[in-house]
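Engineer: Below are the structure tokens for one structure; questions will follow.
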Amino acid sequence: MAITAKMVKELREMTGAGMMDCKKALSETNGDMDAAIEFLRKNGQAKAEKKASRIAAEGMVKAVVKEDKVAAIVEVNSETDFVAKNEKFQEFVAAVADQAASSDAADMDAFMAEAWAADTTKTVKEALVENIAVIGENLSIRRFEKITTDGVVVDYIHGGGRIGVLVEADTDVINDEIKTCLRNVAMQIAAMYPKYVSRAEVSQEYMDHEKEILLAQAKQENPNKPDNIIEKMIIGRLNKELKEVCLLDQTYVQDSDLTVAKYVEKVAKENNANVTVKRFVRYETGEGLEKKQEDFAAEVAAQMGN
């Protein structure tokens with residue numbers, strides 16, 4: 001069967017695959033459109049497996065909030081920042097965030113096995129594989145978290161998706177002022193990277209570990225000071241550290257006269273509300289991942305050798 005330009009164009013629009021790939025798929029399947037789509041999907045799988053060993057440490061974080069009560073945040077990684085700015089990639093990440101907000105999955109394996117909301121004939125994993133084939137880079141849905149609350153949840157995205165934050169709070173009043181306050185708290189979290197909401201969350205294990213480090217530092221700096229003085233120094237340093245790692249103890253970046261706790265308390269009082277920051281989630285793109293080191297000279301040399 002003769003393969004026409006119209007057939008190639010139609011298959012390309014349906015799958016997003018490259019023109020030559022579409023032409024080959026139609027040739028291999030004697031012009032059968034459904035079989036050609038299946039051929040491309042199988043070919044996409046092969047391409048995805050080939051790319052899976054490549055480091056995906058760029059990408060973006062996306063959050064979605066539904067009616068102030070349900071929210072999800074996801075991190076989807078790509079190999080390059082160039083692809084992270086690609087419209088098709090961003091549309092896929094937005095769809096992953098919507099999927100997470102509707103999901104009941106408890107872990108990533110369950111999430112990847114779910115039916116893909118945009119096309120229930122495939123799973124989330126199969127949708128990922130297809131996007132790897134179309135976009136041409138290794139992609140990874142690295143993590144997601146969903147919050148369902150009786151209070152309120154807000155989101156904040158910084159730097160076009162470089163950092164994303166969700167903040168959940170218990171409150172008996174939900175209005176624009178309260179949500180703006182919590183979004184400011186989310187901005188604080190993005191900028192200052194606290195580890196805990198309050199000191200009540202800090203584990204004894206963390207405290208003991210930090211004390212051990214501070215004790216070693218203090219003794220090295222002050223070898224002649226008695227233990228009781230060293231102990232007081234450690235307590236002072238530990239309190240200072242807790243003010244940095246506990247959100248509510250941090251100095252509020254938009255008003256240095258207030259802590260975050262005092263800022264929330266102030267806005268709550270102005271709105272006759274009781275507001276308690278319950279938890280937060282902070283994702284930073286590529287956090288903890290090894291970045292790929294590009295050596296273009298070596299790459300060109302290798303290609304010339306081939």
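By order of appearance in the structure tokens: chains A, B, ..., then residues from 1 within every chain, and ligands from 1 in the order shown.
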Could you pull the residues within 10 Å of Lys69 of chain A, counting only C-alpha atoms, minus those fewer than 4 positions along the same chain, as a list in words?

Structural biologist: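 Once the nearby chain positions are removed, what remains is Val65, Ile147, Thr148, Thr149, Asp150, Gly151, Val152, Val153, Val154 and Glu168 of chain A.
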
Engineer: Keeping only all heavy atoms, write those residues as a compact mmCIF listing (two decimals), in the first residue's frame.

Structural biologist:
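Saved result, again20.txt, follows:
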```txt
# COMPACT_ATOMS: atom_id res chain seq x y z
N VAL A 65 -4.21 22.68 43.44
CA VAL A 65 -5.09 22.75 44.62
C VAL A 65 -6.53 22.77 44.12
O VAL A 65 -6.87 23.55 43.22
CB VAL A 65 -4.81 24.01 45.46
CG1 VAL A 65 -5.79 24.09 46.63
CG2 VAL A 65 -3.38 24.02 45.97
N ILE A 147 -2.35 15.98 49.69
CA ILE A 147 -2.89 16.43 50.98
C ILE A 147 -4.40 16.58 50.84
O ILE A 147 -4.89 17.24 49.91
CB ILE A 147 -2.27 17.77 51.41
CG1 ILE A 147 -0.79 17.58 51.77
CG2 ILE A 147 -3.02 18.37 52.60
CD1 ILE A 147 -0.07 18.88 52.13
N THR A 148 -5.13 15.97 51.75
CA THR A 148 -6.57 16.16 51.88
C THR A 148 -6.83 16.68 53.29
O THR A 148 -6.36 16.08 54.26
CB THR A 148 -7.33 14.85 51.65
OG1 THR A 148 -6.98 14.34 50.36
CG2 THR A 148 -8.83 15.07 51.70
N THR A 149 -7.53 17.79 53.41
CA THR A 149 -7.65 18.44 54.72
C THR A 149 -9.07 18.91 55.00
O THR A 149 -9.84 19.18 54.08
CB THR A 149 -6.68 19.64 54.80
OG1 THR A 149 -6.77 20.25 56.08
CG2 THR A 149 -7.00 20.69 53.74
N ASP A 150 -9.39 19.04 56.29
CA ASP A 150 -10.64 19.69 56.71
C ASP A 150 -10.44 21.19 56.86
O ASP A 150 -11.40 21.94 57.00
CB ASP A 150 -11.11 19.11 58.05
CG ASP A 150 -11.54 17.66 57.93
OD1 ASP A 150 -12.06 17.29 56.86
OD2 ASP A 150 -11.34 16.89 58.89
N GLY A 151 -9.16 21.62 56.87
CA GLY A 151 -8.84 23.03 56.99
C GLY A 151 -8.67 23.67 55.62
O GLY A 151 -9.60 23.76 54.84
N VAL A 152 -7.44 24.09 55.32
CA VAL A 152 -7.15 24.72 54.03
C VAL A 152 -5.73 24.36 53.62
O VAL A 152 -4.86 24.17 54.47
CB VAL A 152 -7.33 26.26 54.12
CG1 VAL A 152 -6.35 26.88 55.09
CG2 VAL A 152 -7.21 26.92 52.75
N VAL A 153 -5.52 24.25 52.31
CA VAL A 153 -4.18 24.01 51.78
C VAL A 153 -3.92 25.00 50.65
O VAL A 153 -4.82 25.29 49.86
CB VAL A 153 -4.01 22.54 51.32
CG1 VAL A 153 -5.01 22.18 50.23
CG2 VAL A 153 -2.58 22.26 50.87
N VAL A 154 -2.71 25.56 50.62
CA VAL A 154 -2.32 26.50 49.56
C VAL A 154 -1.02 26.03 48.94
O VAL A 154 -0.28 25.24 49.53
CB VAL A 154 -2.15 27.95 50.09
CG1 VAL A 154 -3.42 28.45 50.75
CG2 VAL A 154 -0.97 28.05 51.04
N GLU A 168 -0.42 23.19 54.63
CA GLU A 168 -1.73 22.84 55.16
C GLU A 168 -1.90 23.49 56.53
O GLU A 168 -0.97 23.50 57.34
CB GLU A 168 -1.86 21.32 55.32
CG GLU A 168 -3.19 20.89 55.92
CD GLU A 168 -3.25 19.43 56.32
OE1 GLU A 168 -2.24 18.71 56.14
OE2 GLU A 168 -4.30 19.01 56.84
```

Engineer: Find, counting only C-alpha atoms, the residue in A:Val267, A:Ala57, A:Ala97, A:Ala117 that gets nearest to Glu177 of chain A.

Structural biologist: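 When distances to Glu177 of chain A are compared using only C-alpha atoms, the smallest one comes from A:Val267.
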
Engineer: Just how far from atom CA of Pro223 of chain A is atom CA of Lys243 of chain A, in Å to one decimal?

Structural biologist: 27.0 Å

Engineer: I need the residues in segment 68-151 of chain A that are helix (DSSP H, G or I) according to DSSP; give them as a PyMOL selection string.

Structural biologist: chain A and resi 81-84+87-102+108-113+124-135

Engineer: The selected residues should be written to file as a compact mmCIF listing (two decimals), in the first residue's frame (atoms: N, CA, C and O atoms).

Structural biologist:
```
# COMPACT_ATOMS: atom_id res chain seq x y z
N ASP A 81 17.63 21.19 30.98
CA ASP A 81 16.80 22.34 31.30
C ASP A 81 16.02 22.80 30.06
O ASP A 81 14.92 23.32 30.16
N PHE A 82 16.60 22.55 28.88
CA PHE A 82 15.94 22.92 27.62
C PHE A 82 14.61 22.20 27.49
O PHE A 82 13.58 22.81 27.16
N VAL A 83 14.59 20.90 27.75
CA VAL A 83 13.35 20.13 27.68
C VAL A 83 12.37 20.55 28.78
O VAL A 83 11.16 20.58 28.58
N ALA A 84 12.91 20.91 29.95
CA ALA A 84 12.05 21.35 31.07
C ALA A 84 11.23 22.57 30.69
O ALA A 84 10.15 22.80 31.25
N GLU A 87 6.98 23.08 25.96
CA GLU A 87 5.54 23.17 26.27
C GLU A 87 4.92 21.79 26.45
O GLU A 87 4.09 21.58 27.35
N LYS A 88 5.31 20.83 25.62
CA LYS A 88 4.75 19.48 25.72
C LYS A 88 5.12 18.84 27.06
O LYS A 88 4.30 18.18 27.70
N PHE A 89 6.37 19.04 27.48
CA PHE A 89 6.81 18.51 28.77
C PHE A 89 6.00 19.14 29.91
O PHE A 89 5.53 18.46 30.82
N GLN A 90 5.81 20.45 29.84
CA GLN A 90 5.07 21.15 30.89
C GLN A 90 3.61 20.70 30.94
O GLN A 90 3.03 20.58 32.03
N GLU A 91 3.02 20.44 29.78
CA GLU A 91 1.65 19.92 29.74
C GLU A 91 1.58 18.54 30.40
O GLU A 91 0.63 18.23 31.12
N PHE A 92 2.60 17.71 30.15
CA PHE A 92 2.63 16.38 30.76
C PHE A 92 2.75 16.48 32.28
O PHE A 92 2.05 15.79 33.01
N VAL A 93 3.62 17.38 32.75
CA VAL A 93 3.80 17.55 34.20
C VAL A 93 2.49 18.03 34.85
O VAL A 93 2.11 17.55 35.92
N ALA A 94 1.79 18.94 34.19
CA ALA A 94 0.50 19.43 34.71
C ALA A 94 -0.50 18.28 34.79
O ALA A 94 -1.26 18.17 35.76
N ALA A 95 -0.49 17.39 33.79
CA ALA A 95 -1.39 16.23 33.80
C ALA A 95 -1.02 15.26 34.92
O ALA A 95 -1.90 14.66 35.56
N VAL A 96 0.28 15.11 35.18
CA VAL A 96 0.74 14.24 36.28
C VAL A 96 0.26 14.81 37.62
O VAL A 96 -0.20 14.07 38.50
N ALA A 97 0.32 16.13 37.78
CA ALA A 97 -0.15 16.77 39.02
C ALA A 97 -1.65 16.57 39.20
O ALA A 97 -2.11 16.26 40.32
N ASP A 98 -2.41 16.71 38.13
CA ASP A 98 -3.87 16.46 38.20
C ASP A 98 -4.15 15.00 38.57
O ASP A 98 -5.06 14.71 39.35
N GLN A 99 -3.36 14.11 37.98
CA GLN A 99 -3.50 12.68 38.29
C GLN A 99 -3.26 12.44 39.77
O GLN A 99 -4.02 11.73 40.44
N ALA A 100 -2.21 13.04 40.31
CA ALA A 100 -1.86 12.85 41.73
C ALA A 100 -2.96 13.38 42.65
O ALA A 100 -3.25 12.80 43.70
N ALA A 101 -3.58 14.50 42.26
CA ALA A 101 -4.64 15.08 43.08
C ALA A 101 -5.87 14.19 43.16
O ALA A 101 -6.63 14.24 44.13
N SER A 102 -6.06 13.36 42.13
CA SER A 102 -7.21 12.45 42.09
C SER A 102 -6.86 11.04 42.54
O SER A 102 -7.74 10.18 42.64
N MET A 108 4.77 5.14 44.84
CA MET A 108 5.03 5.40 43.42
C MET A 108 4.67 4.20 42.54
O MET A 108 4.15 4.38 41.44
N ASP A 109 4.90 2.99 43.01
CA ASP A 109 4.56 1.81 42.20
C ASP A 109 3.07 1.77 41.91
O ASP A 109 2.66 1.51 40.77
N ALA A 110 2.25 2.03 42.93
CA ALA A 110 0.80 2.03 42.75
C ALA A 110 0.38 3.17 41.83
O ALA A 110 -0.52 3.01 40.99
N PHE A 111 1.01 4.31 41.99
CA PHE A 111 0.69 5.47 41.15
C PHE A 111 0.99 5.17 39.68
O PHE A 111 0.17 5.45 38.80
N MET A 112 2.15 4.59 39.40
CA MET A 112 2.55 4.30 38.02
C MET A 112 1.66 3.25 37.38
O MET A 112 1.53 3.21 36.15
N ALA A 113 1.04 2.40 38.19
CA ALA A 113 0.18 1.33 37.67
C ALA A 113 -1.26 1.79 37.44
O ALA A 113 -2.06 1.08 36.83
N VAL A 124 -0.24 5.17 33.90
CA VAL A 124 0.62 6.34 34.07
C VAL A 124 2.02 6.03 33.53
O VAL A 124 2.64 6.85 32.85
N LYS A 125 2.49 4.82 33.80
CA LYS A 125 3.83 4.42 33.32
C LYS A 125 3.88 4.42 31.80
O LYS A 125 4.86 4.90 31.20
N GLU A 126 2.84 3.93 31.16
CA GLU A 126 2.81 3.89 29.69
C GLU A 126 2.73 5.31 29.11
O GLU A 126 3.33 5.59 28.07
N ALA A 127 2.02 6.19 29.79
CA ALA A 127 1.96 7.59 29.35
C ALA A 127 3.35 8.22 29.45
O ALA A 127 3.76 8.99 28.58
N LEU A 128 4.07 7.89 30.53
CA LEU A 128 5.44 8.39 30.70
C LEU A 128 6.33 7.89 29.56
O LEU A 128 7.09 8.66 28.95
N VAL A 129 6.23 6.61 29.27
CA VAL A 129 7.04 6.00 28.21
C VAL A 129 6.78 6.67 26.86
O VAL A 129 7.70 6.95 26.10
N GLU A 130 5.52 6.94 26.57
CA GLU A 130 5.19 7.59 25.31
C GLU A 130 5.79 8.99 25.23
O GLU A 130 6.27 9.42 24.17
N ASN A 131 5.78 9.70 26.35
CA ASN A 131 6.37 11.04 26.36
C ASN A 131 7.88 11.00 26.23
O ASN A 131 8.48 11.89 25.64
N ILE A 132 8.50 9.96 26.76
CA ILE A 132 9.94 9.79 26.58
C ILE A 132 10.25 9.63 25.09
O ILE A 132 11.19 10.23 24.56
N ALA A 133 9.43 8.82 24.41
CA ALA A 133 9.64 8.58 22.97
C ALA A 133 9.44 9.85 22.16
O ALA A 133 10.21 10.15 21.25
N VAL A 134 8.41 10.62 22.50
CA VAL A 134 8.09 11.83 21.74
C VAL A 134 9.09 12.95 22.02
O VAL A 134 9.58 13.61 21.11
N ILE A 135 9.41 13.15 23.29
CA ILE A 135 10.29 14.26 23.68
C ILE A 135 11.75 13.94 23.40
O ILE A 135 12.55 14.82 23.10
```

Engineer: At a cut-off of 12 Å, using only C-alpha atoms, what residues contact Tyr206 of chain A? Leave out same-chain residues fewer than 5 positions from it and give the result as a list in words.

Structural biologist: Lys195, Tyr196, Arg199, Glu201, Lys211, Glu212, Ile213, Leu238, Glu241, Leu242 and Val245 of chain A

Engineer: Atoms to include: N, CA and C atoms. Write the selected residues as a CSV table (one decimal), in the first residue's frame.

Structural biologist:
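Full text of part_10.csv as output:
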```csv
chain,number,residue,atom,x,y,z
A,195,LYS,N,13.2,22.5,58.2
A,195,LYS,CA,13.0,21.1,58.2
A,195,LYS,C,11.8,20.6,58.9
A,196,TYR,N,11.3,21.5,59.8
A,196,TYR,CA,10.2,21.1,60.7
A,196,TYR,C,9.2,22.3,60.8
A,199,ARG,N,9.2,23.0,67.0
A,199,ARG,CA,10.1,22.2,67.8
A,199,ARG,C,9.5,20.9,68.3
A,201,GLU,N,8.1,18.8,66.5
A,201,GLU,CA,8.3,17.7,65.5
A,201,GLU,C,9.8,17.2,65.6
A,211,LYS,N,23.7,17.8,69.2
A,211,LYS,CA,24.4,18.1,70.4
A,211,LYS,C,25.9,17.5,70.4
A,212,GLU,N,26.0,16.3,69.8
A,212,GLU,CA,27.3,15.6,69.7
A,212,GLU,C,28.2,16.4,68.8
A,213,ILE,N,27.7,16.9,67.7
A,213,ILE,CA,28.5,17.8,66.8
A,213,ILE,C,28.9,19.1,67.4
A,238,LEU,N,22.4,25.3,70.1
A,238,LEU,CA,21.3,24.4,69.7
A,238,LEU,C,20.0,25.2,69.5
A,241,GLU,N,20.2,27.1,66.3
A,241,GLU,CA,20.0,26.2,65.2
A,241,GLU,C,18.5,25.8,65.0
A,242,LEU,N,17.8,25.6,66.1
A,242,LEU,CA,16.4,25.2,66.0
A,242,LEU,C,15.6,26.4,65.5
A,245,VAL,N,15.9,25.8,61.7
A,245,VAL,CA,15.3,24.7,61.1
A,245,VAL,C,13.8,24.5,61.3
```

Engineer: Find the distance between atom CA of Glu265 of chain A and atom CA of Thr180 of chain A and write it in Å to one decimal.

Structural biologist: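 For atom CA of Glu265 of chain A relative to atom CA of Thr180 of chain A, the distance reads 13.6 Å.
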
Engineer: Fewer than 3 positions away in the same chain doesn't count, so skip those; otherwise give me all residues within 12 Å of segment 8-10 of chain A, counting only C-alpha atoms, as JSON, numbers by chain.

Structural biologist: {"A": [2, 3, 4, 5, 13, 14, 15, 16, 17, 18, 19, 20, 21, 22, 23, 24, 25, 26, 27, 31, 32, 33, 34, 36, 37]}

Engineer: Please produce an output containing N, CA, C and O atoms for each residue in the selection, written as a CSV table (one decimal), in the first residue's frame.

Structural biologist:
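Writing the result to out24.csv gives the following:
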```csv
chain,number,residue,atom,x,y,z
A,2,ALA,N,0.5,2.2,-0.9
A,2,ALA,CA,1.3,3.5,-0.9
A,2,ALA,C,1.0,4.3,0.3
A,2,ALA,O,-0.1,4.5,0.7
A,3,ILE,N,2.1,4.8,0.9
A,3,ILE,CA,2.0,5.7,2.1
A,3,ILE,C,2.0,7.1,1.6
A,3,ILE,O,3.0,7.6,1.1
A,4,THR,N,0.9,7.8,1.9
A,4,THR,CA,0.8,9.2,1.5
A,4,THR,C,1.3,10.2,2.6
A,4,THR,O,1.3,9.8,3.8
A,5,ALA,N,1.6,11.4,2.1
A,5,ALA,CA,2.0,12.4,3.1
A,5,ALA,C,0.8,12.7,4.1
A,5,ALA,O,1.0,13.0,5.2
A,13,GLU,N,0.1,13.7,14.0
A,13,GLU,CA,-0.8,14.5,14.9
A,13,GLU,C,-1.4,13.7,16.0
A,13,GLU,O,-1.6,14.1,17.1
A,14,MET,N,-1.7,12.4,15.7
A,14,MET,CA,-2.3,11.5,16.7
A,14,MET,C,-1.3,11.0,17.7
A,14,MET,O,-1.7,10.8,18.9
A,15,THR,N,0.0,10.9,17.4
A,15,THR,CA,1.0,10.3,18.3
A,15,THR,C,2.1,11.3,18.8
A,15,THR,O,2.7,11.1,19.8
A,16,GLY,N,2.3,12.4,18.0
A,16,GLY,CA,3.3,13.3,18.4
A,16,GLY,C,4.7,12.8,18.0
A,16,GLY,O,5.7,13.5,18.3
A,17,ALA,N,4.8,11.7,17.3
A,17,ALA,CA,6.1,11.1,17.0
A,17,ALA,C,6.6,11.8,15.8
A,17,ALA,O,5.9,12.6,15.1
A,18,GLY,N,7.9,11.6,15.5
A,18,GLY,CA,8.6,12.3,14.4
A,18,GLY,C,8.1,11.8,13.0
A,18,GLY,O,7.5,10.7,12.9
A,19,MET,N,8.3,12.7,12.0
A,19,MET,CA,7.8,12.4,10.6
A,19,MET,C,8.3,11.1,10.1
A,19,MET,O,7.6,10.2,9.6
A,20,MET,N,9.6,10.9,10.2
A,20,MET,CA,10.3,9.7,9.6
A,20,MET,C,9.8,8.4,10.4
A,20,MET,O,9.6,7.4,9.8
A,21,ASP,N,9.7,8.6,11.7
A,21,ASP,CA,9.2,7.5,12.5
A,21,ASP,C,7.8,7.1,12.1
A,21,ASP,O,7.4,5.9,12.0
A,22,CYS,N,6.9,8.1,11.8
A,22,CYS,CA,5.5,7.8,11.4
A,22,CYS,C,5.5,7.1,10.0
A,22,CYS,O,4.8,6.1,9.8
A,23,LYS,N,6.4,7.6,9.1
A,23,LYS,CA,6.5,7.0,7.8
A,23,LYS,C,6.9,5.5,7.9
A,23,LYS,O,6.3,4.6,7.2
A,24,LYS,N,7.9,5.3,8.7
A,24,LYS,CA,8.4,3.9,8.9
A,24,LYS,C,7.3,3.0,9.5
A,24,LYS,O,7.1,1.8,9.1
A,25,ALA,N,6.6,3.5,10.5
A,25,ALA,CA,5.5,2.7,11.2
A,25,ALA,C,4.5,2.4,10.2
A,25,ALA,O,4.0,1.2,10.2
A,26,LEU,N,4.1,3.3,9.3
A,26,LEU,CA,3.0,3.0,8.3
A,26,LEU,C,3.5,2.0,7.3
A,26,LEU,O,2.8,1.1,6.8
A,27,SER,N,4.8,2.1,6.9
A,27,SER,CA,5.4,1.2,6.0
A,27,SER,C,5.4,-0.2,6.5
A,27,SER,O,5.1,-1.2,5.9
A,31,GLY,N,0.2,0.5,6.1
A,31,GLY,CA,-0.8,1.6,6.1
A,31,GLY,C,-1.9,1.4,7.1
A,31,GLY,O,-2.8,2.3,7.2
A,32,ASP,N,-1.8,0.4,8.0
A,32,ASP,CA,-2.9,0.2,9.0
A,32,ASP,C,-2.6,1.2,10.2
A,32,ASP,O,-1.6,1.1,10.9
A,33,MET,N,-3.5,2.2,10.3
A,33,MET,CA,-3.3,3.3,11.2
A,33,MET,C,-3.2,2.8,12.7
A,33,MET,O,-2.3,3.2,13.5
A,34,ASP,N,-4.1,1.9,13.1
A,34,ASP,CA,-4.1,1.4,14.5
A,34,ASP,C,-2.8,0.6,14.8
A,34,ASP,O,-2.2,0.7,15.8
A,36,ALA,N,-0.1,1.0,13.2
A,36,ALA,CA,1.1,1.9,13.2
A,36,ALA,C,1.2,2.6,14.5
A,36,ALA,O,2.3,2.8,15.0
A,37,ILE,N,0.1,2.9,15.2
A,37,ILE,CA,0.1,3.6,16.5
A,37,ILE,C,0.7,2.6,17.5
A,37,ILE,O,1.6,2.9,18.3
```

Engineer: DSSP on the backbone: which residues in segment 175-306 of chain A end up as strand (DSSP E)? Give the answer as a list in words.

Structural biologist: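 Strand (DSSP E) members of segment 175-306 of chain A, listed: Val275, Thr276, Val277, Lys278, Arg279, Phe280, Val281, Arg282, Tyr283 and Glu284 of chain A.
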
Engineer: What does the distance between atom CA of Asn77 of chain A and atom CA of Glu137 of chain A come to in Å, to one decimal place?

Structural biologist: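 Computing it gives 10.0 Å between the two atoms.
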
Engineer: Point out the residue among A:Met233, A:Thr285, A:Glu145, A:Glu114 with the least atom-to-atom distance to Ala216 of chain A, counting only C-alpha atoms.

Structural biologist: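 Checking each of A:Met233, A:Thr285, A:Glu145, A:Glu114 against Ala216 of chain A, counting only C-alpha atoms, the winner is A:Met233.
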
Engineer: Given only C-alpha atoms as the basis, pick out the residue of A:Gln188, A:Leu214, A:Gln220, A:Lys122 nearest to Cys246 of chain A.

Structural biologist: A:Gln188

Engineer: Between A:Val74, A:Ile157, A:Ile230, A:Ala186, single out the one closest to Val264 of chain A, counting only C-alpha atoms.

Structural biologist: A:Ala186

Engineer: Which of these residues is nearest to Ser78 of chain A, using only C-alpha atoms: A:Ala191, A:Lys66, A:Ser140, A:Lys6?

Structural biologist: A:Ser140
